[in-house]
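Enquirer: Data file structure_5.cif (mmCIF, C-alpha atoms and all ligand atoms) is appended below.
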data_protein
#
loop_
_atom_site.label_atom_id
_atom_site.label_comp_id
_atom_site.auth_asym_id
_atom_site.auth_seq_id
_atom_site.Cartn_x
_atom_site.Cartn_y
_atom_site.Cartn_z
CA MET E 1 111.39 132.21 95.79
CA LYS E 2 110.82 129.85 98.66
CA PRO E 3 107.61 127.82 98.27
CA GLU E 4 105.06 128.65 100.91
CA THR E 5 104.66 126.01 103.58
CA PRO E 6 101.05 124.87 103.56
CA MET E 7 99.17 125.74 106.71
CA PRO E 8 97.87 122.80 108.73
CA ARG E 9 94.11 122.45 108.89
CA LEU E 10 94.29 121.21 112.44
CA GLU E 11 96.97 121.87 115.02
CA MET E 12 97.24 120.65 118.57
CA ALA E 13 99.89 122.00 120.89
CA ASP E 14 100.78 120.27 124.15
CA LEU E 15 97.30 118.95 124.93
CA ARG E 16 96.88 117.52 128.41
CA ARG E 17 94.00 115.86 130.20
CA ARG E 18 93.88 114.06 133.54
CA PHE E 19 91.05 112.05 135.05
CA GLY E 20 91.72 111.99 138.80
CA ALA E 21 95.15 110.45 139.29
CA ARG E 22 95.25 109.11 135.74
CA THR E 23 96.87 111.13 132.95
CA ALA E 24 94.95 110.18 129.82
CA VAL E 25 96.67 112.64 127.46
CA ASP E 26 100.15 113.79 128.38
CA GLY E 27 101.35 116.57 126.10
CA VAL E 28 100.16 115.72 122.60
CA SER E 29 101.23 118.00 119.73
CA LEU E 30 100.20 117.15 116.19
CA SER E 31 99.26 118.77 112.88
CA VAL E 32 96.92 117.50 110.20
CA MET E 33 97.16 118.84 106.66
CA ALA E 34 94.36 119.31 104.13
CA GLY E 35 93.73 116.25 101.98
CA GLN E 36 95.72 114.05 104.36
CA VAL E 37 94.74 111.24 106.65
CA THR E 38 96.60 111.29 109.94
CA CYS E 39 96.09 108.34 112.19
CA LEU E 40 96.32 108.18 115.96
CA LEU E 41 97.31 104.58 116.50
CA GLY E 42 97.84 102.84 119.80
CA PRO E 43 96.63 100.20 122.22
CA SER E 44 93.38 100.49 124.13
CA GLY E 45 93.54 103.13 126.86
CA CYS E 46 96.49 105.08 125.44
CA GLY E 47 94.45 108.29 125.12
CA LYS E 48 93.37 108.32 121.47
CA SER E 49 89.66 108.91 122.03
CA THR E 50 90.24 111.53 124.70
CA THR E 51 92.44 113.45 122.25
CA LEU E 52 89.75 113.23 119.58
CA ARG E 53 87.04 114.31 122.02
CA MET E 54 89.04 117.38 122.97
CA ILE E 55 89.38 118.36 119.31
CA ALA E 56 85.67 117.80 118.74
CA GLY E 57 85.00 120.03 121.74
CA VAL E 58 83.12 117.51 123.86
CA GLU E 59 85.97 117.19 126.35
CA ARG E 60 87.90 120.10 127.78
CA PRO E 61 91.68 119.85 128.03
CA ASP E 62 93.42 120.83 131.28
CA SER E 63 95.88 122.73 129.10
CA GLY E 64 97.04 123.07 125.53
CA ARG E 65 95.85 124.76 122.38
CA ILE E 66 93.78 123.59 119.42
CA THR E 67 93.70 125.50 116.15
CA VAL E 68 91.34 124.81 113.24
CA ASP E 69 92.23 126.49 109.95
CA GLY E 70 94.36 129.04 111.75
CA ARG E 71 91.57 129.91 114.20
CA THR E 72 92.21 128.99 117.83
CA VAL E 73 89.22 127.08 119.17
CA CYS E 74 90.62 126.19 122.56
CA ASP E 75 93.34 127.85 124.62
CA GLY E 76 93.04 128.50 128.35
CA ALA E 77 89.79 130.37 128.89
CA LEU E 78 89.10 130.58 125.13
CA TRP E 79 86.56 127.96 124.17
CA VAL E 80 84.65 127.56 120.93
CA PRO E 81 81.69 125.16 121.28
CA PRO E 82 81.65 121.95 119.17
CA GLU E 83 79.00 123.14 116.72
CA ASP E 84 81.11 126.18 115.74
CA ARG E 85 84.33 124.28 115.03
CA SER E 86 83.58 123.09 111.46
CA ILE E 87 84.48 119.55 112.39
CA GLY E 88 82.76 116.43 111.02
CA LEU E 89 82.48 113.33 113.13
CA MET E 90 82.21 109.67 112.25
CA PHE E 91 82.28 107.35 115.20
CA GLN E 92 82.02 103.61 115.64
CA ASP E 93 78.47 103.79 116.96
CA PHE E 94 77.35 106.29 114.34
CA ALA E 95 73.60 106.26 114.00
CA LEU E 96 71.50 107.38 111.10
CA PHE E 97 68.14 108.85 112.00
CA PRO E 98 65.79 105.87 111.64
CA HIS E 99 62.74 107.95 110.75
CA LEU E 100 64.47 109.82 107.89
CA ASP E 101 65.23 108.40 104.46
CA VAL E 102 68.73 108.46 102.98
CA ALA E 103 68.34 111.84 101.27
CA ARG E 104 67.04 113.52 104.42
CA ASN E 105 69.72 111.88 106.58
CA VAL E 106 72.42 113.32 104.34
CA ALA E 107 70.69 116.72 104.14
CA PHE E 108 70.29 116.90 107.92
CA GLY E 109 73.17 119.26 108.73
CA LEU E 110 72.76 121.40 105.61
CA THR E 111 71.31 124.86 105.40
CA GLY E 112 70.71 127.15 102.42
CA PRO E 113 68.51 127.10 99.34
CA LYS E 114 66.64 123.84 98.76
CA ARG E 115 68.10 123.37 95.29
CA ALA E 116 71.69 123.70 96.53
CA VAL E 117 71.01 121.27 99.38
CA GLN E 118 69.53 118.77 96.97
CA GLU E 119 72.52 119.08 94.65
CA ARG E 120 74.97 118.53 97.47
CA VAL E 121 73.04 115.46 98.66
CA GLU E 122 73.00 114.02 95.14
CA GLU E 123 76.71 114.75 94.64
CA LEU E 124 77.64 112.95 97.84
CA LEU E 125 75.37 109.98 97.29
CA GLU E 126 76.96 109.62 93.88
CA ARG E 127 80.42 109.76 95.47
CA VAL E 128 79.61 107.01 97.96
CA GLY E 129 77.74 104.94 95.37
CA MET E 130 74.32 105.19 97.04
CA THR E 131 72.31 107.03 94.41
CA GLY E 132 70.08 103.99 93.98
CA HIS E 133 69.02 104.11 97.64
CA ILE E 134 68.07 107.75 97.92
CA SER E 135 64.57 107.06 99.28
CA ALA E 136 65.46 104.04 101.43
CA TYR E 137 65.21 104.10 105.23
CA PRO E 138 68.17 103.01 107.36
CA HIS E 139 66.57 99.68 108.37
CA GLU E 140 66.36 98.77 104.68
CA LEU E 141 70.14 99.12 104.26
CA SER E 142 73.01 96.73 104.98
CA GLY E 143 75.73 97.71 107.46
CA GLY E 144 78.07 98.74 104.67
CA GLU E 145 75.39 100.83 102.99
CA GLN E 146 74.57 102.55 106.26
CA GLN E 147 78.25 103.34 106.69
CA ARG E 148 78.37 104.92 103.24
CA VAL E 149 75.36 107.09 104.06
CA ALA E 150 76.94 108.07 107.36
CA LEU E 151 80.06 109.16 105.52
CA ALA E 152 77.98 111.21 103.08
CA ARG E 153 76.12 112.80 105.98
CA ALA E 154 79.34 113.67 107.82
CA LEU E 155 80.84 115.22 104.69
CA ALA E 156 77.74 117.08 103.51
CA PRO E 157 78.44 120.40 105.33
CA ARG E 158 82.02 120.38 103.92
CA PRO E 159 83.73 120.13 107.29
CA ARG E 160 87.30 121.42 107.27
CA ILE E 161 88.28 118.47 109.42
CA MET E 162 86.87 115.02 109.83
CA LEU E 163 87.38 113.04 113.03
CA MET E 164 86.89 109.30 112.76
CA ASP E 165 87.01 106.98 115.76
CA GLU E 166 87.23 103.31 114.77
CA PRO E 167 84.56 103.97 112.14
CA PHE E 168 84.82 100.61 110.42
CA SER E 169 84.83 98.23 113.36
CA GLY E 170 81.22 97.13 112.95
CA LEU E 171 81.83 95.63 109.50
CA ASP E 172 82.98 92.17 108.46
CA ASP E 173 86.53 91.85 107.10
CA ARG E 174 85.91 91.85 103.38
CA LEU E 175 83.40 94.68 103.46
CA ARG E 176 85.62 96.67 105.81
CA ASP E 177 88.52 96.68 103.34
CA GLU E 178 86.20 97.77 100.56
CA ILE E 179 84.62 100.56 102.61
CA ARG E 180 88.03 101.74 103.85
CA ASP E 181 89.25 102.17 100.29
CA GLU E 182 86.06 103.85 99.13
CA THR E 183 86.02 106.16 102.14
CA LEU E 184 89.58 107.15 101.42
CA ASP E 185 88.73 107.95 97.80
CA VAL E 186 85.82 110.15 98.88
CA LEU E 187 87.83 111.96 101.56
CA LYS E 188 90.67 112.64 99.12
CA ALA E 189 88.26 113.89 96.48
CA GLU E 190 86.75 116.28 99.04
CA GLY E 191 90.20 117.42 100.22
CA THR E 192 89.19 116.96 103.86
CA ALA E 193 91.80 116.82 106.60
CA VAL E 194 91.19 113.60 108.50
CA LEU E 195 92.21 112.48 111.94
CA LEU E 196 91.48 108.79 112.29
CA VAL E 197 91.69 106.88 115.56
CA THR E 198 92.33 103.15 115.52
CA HIS E 199 94.05 100.43 117.54
CA GLU E 200 94.56 98.32 114.40
CA PRO E 201 97.96 98.68 112.71
CA ALA E 202 96.61 97.21 109.47
CA GLU E 203 93.92 99.87 109.29
CA ALA E 204 96.39 102.65 110.06
CA MET E 205 98.87 101.45 107.44
CA ARG E 206 96.19 101.07 104.81
CA MET E 207 94.57 104.45 105.37
CA ALA E 208 97.06 106.89 106.77
CA ASP E 209 99.44 109.30 105.09
CA GLU E 210 100.92 109.89 108.52
CA ILE E 211 100.78 107.73 111.63
CA ALA E 212 101.19 109.10 115.16
CA LEU E 213 101.90 106.13 117.39
CA MET E 214 100.57 106.70 120.92
CA ARG E 215 101.49 105.06 124.18
CA ASP E 216 100.52 106.13 127.71
CA GLY E 217 99.08 109.45 126.59
CA ARG E 218 102.05 110.47 124.44
CA ILE E 219 103.04 110.28 120.82
CA VAL E 220 106.10 108.05 120.77
CA GLN E 221 106.74 108.08 117.03
CA GLN E 222 105.36 109.86 114.03
CA GLY E 223 105.86 109.35 110.32
CA ALA E 224 104.66 107.77 107.10
CA PRO E 225 103.43 104.18 107.56
CA TYR E 226 106.34 102.80 105.53
CA ASN E 227 108.88 104.59 107.72
CA ILE E 228 107.29 103.64 111.02
CA TYR E 229 107.01 99.99 109.99
CA ASN E 230 110.55 99.82 108.64
CA ALA E 231 112.27 102.01 111.22
CA PRO E 232 110.40 101.63 114.52
CA ALA E 233 111.58 103.78 117.41
CA ASP E 234 111.83 100.94 119.90
CA LEU E 235 110.97 97.31 120.54
CA ALA E 236 107.38 98.09 121.55
CA ALA E 237 106.83 100.10 118.36
CA ALA E 238 108.23 97.24 116.27
CA ALA E 239 106.11 94.66 118.11
CA PHE E 240 102.93 96.73 117.75
CA PHE E 241 102.88 96.12 113.99
CA SER E 242 103.67 92.40 113.84
CA ASP E 243 105.13 89.48 115.70
CA VAL E 244 108.83 90.01 116.24
CA ASN E 245 111.78 87.82 117.12
CA VAL E 246 114.21 89.10 119.72
CA ILE E 247 117.74 87.88 120.38
CA GLU E 248 120.06 89.41 122.91
CA GLY E 249 123.49 90.86 122.40
CA VAL E 250 126.13 93.14 123.88
CA VAL E 251 127.83 95.93 121.95
CA ARG E 252 131.60 95.94 121.39
CA GLY E 253 133.09 98.47 119.01
CA ALA E 254 129.72 99.54 117.55
CA LEU E 255 128.95 95.91 116.67
CA THR E 256 127.10 93.13 118.36
CA GLU E 257 128.04 89.52 117.78
CA THR E 258 125.22 86.96 117.57
CA PRO E 259 124.78 83.38 116.32
CA PHE E 260 123.48 85.03 113.11
CA GLY E 261 126.68 87.03 112.66
CA GLN E 262 127.51 90.61 113.43
CA PHE E 263 125.04 93.47 113.54
CA LEU E 264 125.85 97.14 113.42
CA ALA E 265 125.06 99.23 116.47
CA PRO E 266 126.32 102.66 115.45
CA GLY E 267 126.73 105.12 118.30
CA VAL E 268 125.85 102.57 120.99
CA PRO E 269 128.46 102.57 123.78
CA ASP E 270 130.54 99.46 124.49
CA GLY E 271 129.02 97.10 127.00
CA THR E 272 125.41 98.12 126.27
CA ALA E 273 122.98 95.21 126.34
CA VAL E 274 120.86 95.28 123.18
CA ASP E 275 117.90 93.50 121.66
CA ILE E 276 118.29 92.50 118.03
CA VAL E 277 114.78 92.53 116.64
CA PHE E 278 113.48 91.13 113.37
CA ARG E 279 110.14 90.20 111.90
CA PRO E 280 109.32 86.56 111.03
CA GLN E 281 109.03 87.40 107.32
CA HIS E 282 112.67 88.45 107.26
CA VAL E 283 113.89 85.01 108.21
CA LYS E 284 114.94 82.71 105.40
CA ILE E 285 115.12 78.97 105.88
CA ASP E 286 117.17 76.30 104.17
CA PHE E 287 117.73 72.56 104.39
CA ASP E 288 120.21 70.82 106.61
CA ARG E 289 122.96 69.19 104.61
CA GLY E 290 124.29 66.53 106.96
CA GLY E 291 124.75 68.99 109.82
CA ARG E 292 125.93 71.82 107.59
CA GLY E 293 124.07 74.92 106.61
CA PRO E 294 123.88 76.78 103.33
CA ASN E 295 126.41 79.31 102.12
CA PRO E 296 124.61 82.56 102.79
CA THR E 297 124.99 85.80 100.89
CA ALA E 298 126.57 88.73 102.70
CA ALA E 299 123.13 90.23 103.36
CA GLU E 300 121.96 87.06 105.07
CA GLY E 301 124.69 86.77 107.67
CA THR E 302 125.60 83.50 109.37
CA PRO E 303 123.06 80.66 109.34
CA ALA E 304 122.02 79.14 112.67
CA ARG E 305 120.32 75.79 113.09
CA GLY E 306 116.95 75.16 114.70
CA ILE E 307 114.50 72.29 115.06
CA VAL E 308 110.93 72.78 113.82
CA ARG E 309 108.59 72.79 116.82
CA ARG E 310 105.43 73.96 115.06
CA ALA E 311 104.38 74.59 111.49
CA ARG E 312 101.12 76.26 110.53
CA PHE E 313 99.95 76.41 106.95
CA MET E 314 98.24 79.77 106.30
CA GLY E 315 97.71 79.77 102.54
CA ALA E 316 100.38 81.69 100.67
CA GLU E 317 102.68 81.52 103.69
CA SER E 318 103.41 79.19 106.54
CA LEU E 319 104.34 80.20 110.06
CA VAL E 320 107.11 78.00 111.41
CA GLU E 321 108.42 78.02 114.97
CA PHE E 322 111.93 76.81 115.65
CA GLN E 323 113.81 75.90 118.77
CA MET E 324 117.31 77.19 118.21
CA ASP E 325 120.36 75.00 118.83
CA PHE E 326 122.41 77.92 120.16
CA ASP E 327 120.32 78.64 123.28
CA GLY E 328 117.04 76.72 123.09
CA SER E 329 115.02 79.87 122.43
CA ILE E 330 112.04 79.94 120.06
CA LEU E 331 112.18 81.98 116.84
CA LYS E 332 109.44 82.36 114.26
CA ALA E 333 109.66 82.46 110.49
CA ARG E 334 107.01 83.27 107.90
CA VAL E 335 107.98 81.48 104.77
CA PRO E 336 106.38 80.90 101.36
CA SER E 337 104.29 77.73 101.49
CA VAL E 338 106.30 75.90 98.86
CA PHE E 339 106.73 73.15 101.39
CA LEU E 340 105.49 72.71 104.92
CA PRO E 341 108.32 71.68 107.24
CA ARG E 342 107.68 68.67 109.51
CA VAL E 343 107.89 68.97 113.26
CA GLY E 344 111.27 67.70 114.46
CA MET E 345 113.06 68.57 111.21
CA PRO E 346 116.37 70.44 111.51
CA LEU E 347 116.56 73.53 109.29
CA TRP E 348 118.92 76.51 109.00
CA LEU E 349 117.75 80.04 109.57
CA MET E 350 119.20 83.21 108.13
CA VAL E 351 118.20 86.71 109.01
CA ARG E 352 118.14 89.56 106.53
CA ARG E 353 120.54 91.93 108.22
CA GLU E 354 119.21 95.15 106.75
CA ARG E 355 115.80 94.29 108.19
CA CYS E 356 117.03 93.95 111.77
CA PHE E 357 116.68 96.63 114.41
CA VAL E 358 119.13 96.98 117.28
CA PHE E 359 117.68 98.63 120.40
CA PRO E 360 119.33 99.20 123.78
CA ARG E 361 117.55 96.87 126.22
CA HIS E 362 115.39 98.48 128.91
P1 LIG E 401 90.19 102.69 123.37
O1 LIG E 401 90.93 102.29 122.14
O2 LIG E 401 89.93 101.55 124.29
O3 LIG E 401 89.00 103.56 123.12
P2 LIG E 401 91.77 105.04 123.94
O4 LIG E 401 93.19 104.95 123.53
O5 LIG E 401 90.84 105.75 123.08
O6 LIG E 401 91.22 103.59 124.24
P3 LIG E 401 90.88 106.79 126.02
O7 LIG E 401 89.44 106.41 125.85
O8 LIG E 401 91.29 108.11 125.52
O9 LIG E 401 91.80 105.68 125.39
O10 LIG E 401 91.25 106.68 127.56
C1 LIG E 401 92.53 106.99 128.09
C2 LIG E 401 92.55 106.74 129.57
O11 LIG E 401 91.72 107.70 130.23
C3 LIG E 401 92.00 105.39 129.98
O12 LIG E 401 92.78 104.91 131.05
C4 LIG E 401 90.60 105.67 130.41
O13 LIG E 401 90.18 104.75 131.37
C5 LIG E 401 90.71 107.08 130.98
N1 LIG E 401 89.46 107.83 130.80
C6 LIG E 401 88.92 108.22 129.63
N2 LIG E 401 87.79 108.92 129.81
C7 LIG E 401 87.60 108.98 131.16
C8 LIG E 401 86.61 109.58 132.01
N3 LIG E 401 85.58 110.27 131.51
N4 LIG E 401 86.76 109.44 133.34
C9 LIG E 401 87.80 108.75 133.84
N5 LIG E 401 88.77 108.18 133.12
C10 LIG E 401 88.67 108.28 131.79
#
Just give me the structure as structure tokens.
Ligand code: ATP
Expert:
Amino acid sequence: MKPETPMPRLEMADLRRRFGARTAVDGVSLSVMAGQVTCLLGPSGCGKSTTLRMIAGVERPDSGRITVDGRTVCDGALWVPPEDRSIGLMFQDFALFPHLDVARNVAFGLTGPKRAVQERVEELLERVGMTGHISAYPHELSGGEQQRVALARALAPRPRIMLMDEPFSGLDDRLRDEIRDETLDVLKAEGTAVLLVTHEPAEAMRMADEIALMRDGRIVQQGAPYNIYNAPADLAAAAFFSDVNVIEGVVRGALTETPFGQFLAPGVPDGTAVDIVFRPQHVKIDFDRGGRGPNPTAAEGTPARGIVRRARFMGAESLVEFQMDFDGSILKARVPSVFLPRVGMPLWLMVRRERCFVFPRH
């Protein structure tokens, strides 16, 4: 028997929204499964928040369909108001009610018998580790504690879907990582389907099961964080996640010849100009031996020489910038800080071939 395909909790089909001459959302289709975190990731202005607002029901799409748990909540004239969509919200500027204590903040959206409400509040405060603050008022809590209460409040009515828009941006770095992990644990335990909006690749990679990379109102690539990071769709997608090095080449016989050796360009027609793209952490460096480089392994390709122009110690790693002998261009390497190269020093660079991306140049 064929296993049943699980039904998505949230489905968007061809959502569109214009503001005057500007198209903010240009045909977005996406599904979010129960117990999964899907992340809309992209630069400022690419349409993430507008998409989220349309799902929440506070913005009306020009066209497209939104389905929650198999029930259509928006399609042409059909329109279910926000409060009837069973959607929880957690936004950057979330605010707890200042005049209510923690327990009453969490209980705010709950209806039903008092005992059941109290049990749900206690269960959630336990989950977010705030049992000890049940009678505190928001002004008596730290930012991180307030965030935990906000999460408990958003989850209290057991929303089928949780929308989060940059929910951790008000926190300092260390606390943010901690709260991200805790939030994820709570969301997974509740089995909620989550759509998270962020412009930070690190946040998306840490939290998401699935990333939808957005640009100019469209989803340009979608997949697990590992796959998007390691197989970006184009140069911009690669560069969105980290610094990248780019060298230029031309394809001949499904190969492109560079000072670092040959790179495969399967299916790319002869004569196509390409960018060979690699991240600084995939560059290996070695000493100059009287003008000669090291003997590389097959995976490392041909070594090319550069002169150190800048070296920044960053703890476990150092970031080194080289000016390359072959064309004077600058390439960056992130290398273990076993030694910090001196400016002016000649060194040999090798590129891990299997970590390079070859994209036709636009
Ligand atoms: P950010 O990360 O900065 O919040 P975003 O990716 O969430 O950005 P949106 O807020 O969805 O982007 O905005 C997408 C585009 O639509 C932007 O160019 C923005 O200026 C425009 N826009 C959004 N809301 C409105 C509005 N109410 N009226 C006019 N233009 C708007």
Enquirer: Using all atoms listed in the file, what are the residues with an atom within 7 Å of ligand LIG 401 (chain E), set out as a PDB file with C-alpha atoms, in the coordinates of the input?
Expert:
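Now in pocket-v9.pdb:
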ATOM      1  CA  PHE E  19      91.050 112.050 135.050  1.00  0.00           C
ATOM      2  CA  ARG E  22      95.250 109.110 135.740  1.00  0.00           C
ATOM      3  CA  THR E  23      96.870 111.130 132.950  1.00  0.00           C
ATOM      4  CA  ALA E  24      94.950 110.180 129.820  1.00  0.00           C
ATOM      5  CA  GLY E  42      97.840 102.840 119.800  1.00  0.00           C
ATOM      6  CA  PRO E  43      96.630 100.200 122.220  1.00  0.00           C
ATOM      7  CA  SER E  44      93.380 100.490 124.130  1.00  0.00           C
ATOM      8  CA  GLY E  45      93.540 103.130 126.860  1.00  0.00           C
ATOM      9  CA  CYS E  46      96.490 105.080 125.440  1.00  0.00           C
ATOM     10  CA  GLY E  47      94.450 108.290 125.120  1.00  0.00           C
ATOM     11  CA  LYS E  48      93.370 108.320 121.470  1.00  0.00           C
ATOM     12  CA  SER E  49      89.660 108.910 122.030  1.00  0.00           C
ATOM     13  CA  THR E  50      90.240 111.530 124.700  1.00  0.00           C
ATOM     14  CA  THR E  51      92.440 113.450 122.250  1.00  0.00           C
ATOM     15  CA  THR E 198      92.330 103.150 115.520  1.00  0.00           C
ATOM     16  CA  HIS E 199      94.050 100.430 117.540  1.00  0.00           C
TER      17      HIS E 199
END
Enquirer: To one decimal place, how far is atom CA of Leu163 of chain E from atom CA of His133 of chain E in Å?
Expert: 25.6 Å
Enquirer: Residues within 10 Å of Ile285 of chain E, please, as a list in words. Count only C-alpha atoms; anything in the same chain fewer than 2 positions from it doesn't count.
Expert: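 My reading of the contact set: His282, Val283, Phe287, Asp288, Gly293, Pro294, Pro303, Ala304, Arg305, Gly306, Val320, Ala333, Arg334, Val335, Leu347, Trp348, Leu349, Met350 and Val351 of chain E.
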Enquirer: Let me make sure I understand: among E:Pro138, E:Gly129, E:Pro232, E:Gly191, which one has the smallest atom-to-atom distance to Ile211 of chain E if we use all atoms listed in the file?
Expert: E:Pro232
Enquirer: Need the shell around Gln323 of chain E: protein/DNA/RNA residues with any atom at most 8 Å away, counting only C-alpha atoms. Skip same-chain ones fewer than 3 positions apart. Format as an MDAnalysis selection string?
Expert: chainID E and resid 306:309 328:331
Enquirer: Give me, as a PyMOL selection string, all polymer residues having an atom no more than 10 Å from Val106 of chain E, counting all atoms listed in the file and skipping those fewer than 4 positions away in the same chain.
Expert: chain E and resi 96-97+100-102+110+117-118+120-122+124-125+134+149-157
Enquirer: List the neighbours of Pro81 of chain E out to 9 Å using only C-alpha atoms; skip same-chain residues closer than 4 positions along the sequence, and give me the result as a CSV table (one decimal) with C-alpha atoms, in the frame of the given file.
Expert:
chain,number,residue,atom,x,y,z
E,56,ALA,CA,85.7,117.8,118.7
E,57,GLY,CA,85.0,120.0,121.7
E,58,VAL,CA,83.1,117.5,123.9
E,73,VAL,CA,89.2,127.1,119.2
E,85,ARG,CA,84.3,124.3,115.0
Enquirer: Here is a test: counting all atoms listed in the file, which residue of E:Gly143, E:Gly301, E:Pro296, E:Pro280 is nearest to Glu321 of chain E?
Expert: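 Using all atoms listed in the file, the shortest distance to Glu321 of chain E belongs to E:Pro280.
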Enquirer: For a quick check of understanding, using all atoms listed in the file, which of E:Arg17, E:Arg160, E:Arg148, E:Arg127 has the smallest distance to Val68 of chain E?
Expert: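 Result for the nearest residue to Val68 of chain E: E:Arg160.
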Enquirer: From the options E:Met324, E:Phe263, E:Pro346, E:Glu119, which residue's atoms come nearest to Arg289 of chain E, counting only C-alpha atoms?
Expert: E:Pro346
Enquirer: Between E:Ser63, E:Gln36, E:Gln222, E:Asn105, which residue has the minimum interatomic distance to Ala13 of chain E, considering only C-alpha atoms?
Expert: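 The answer is E:Ser63, which sits nearest to Ala13 of chain E.
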Enquirer: Have a look at atom CA of Pro360 of chain E and atom CA of Leu264 of chain E and let me know their distance in Å, one decimal.
Expert: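 These atoms are spaced 12.4 Å apart.
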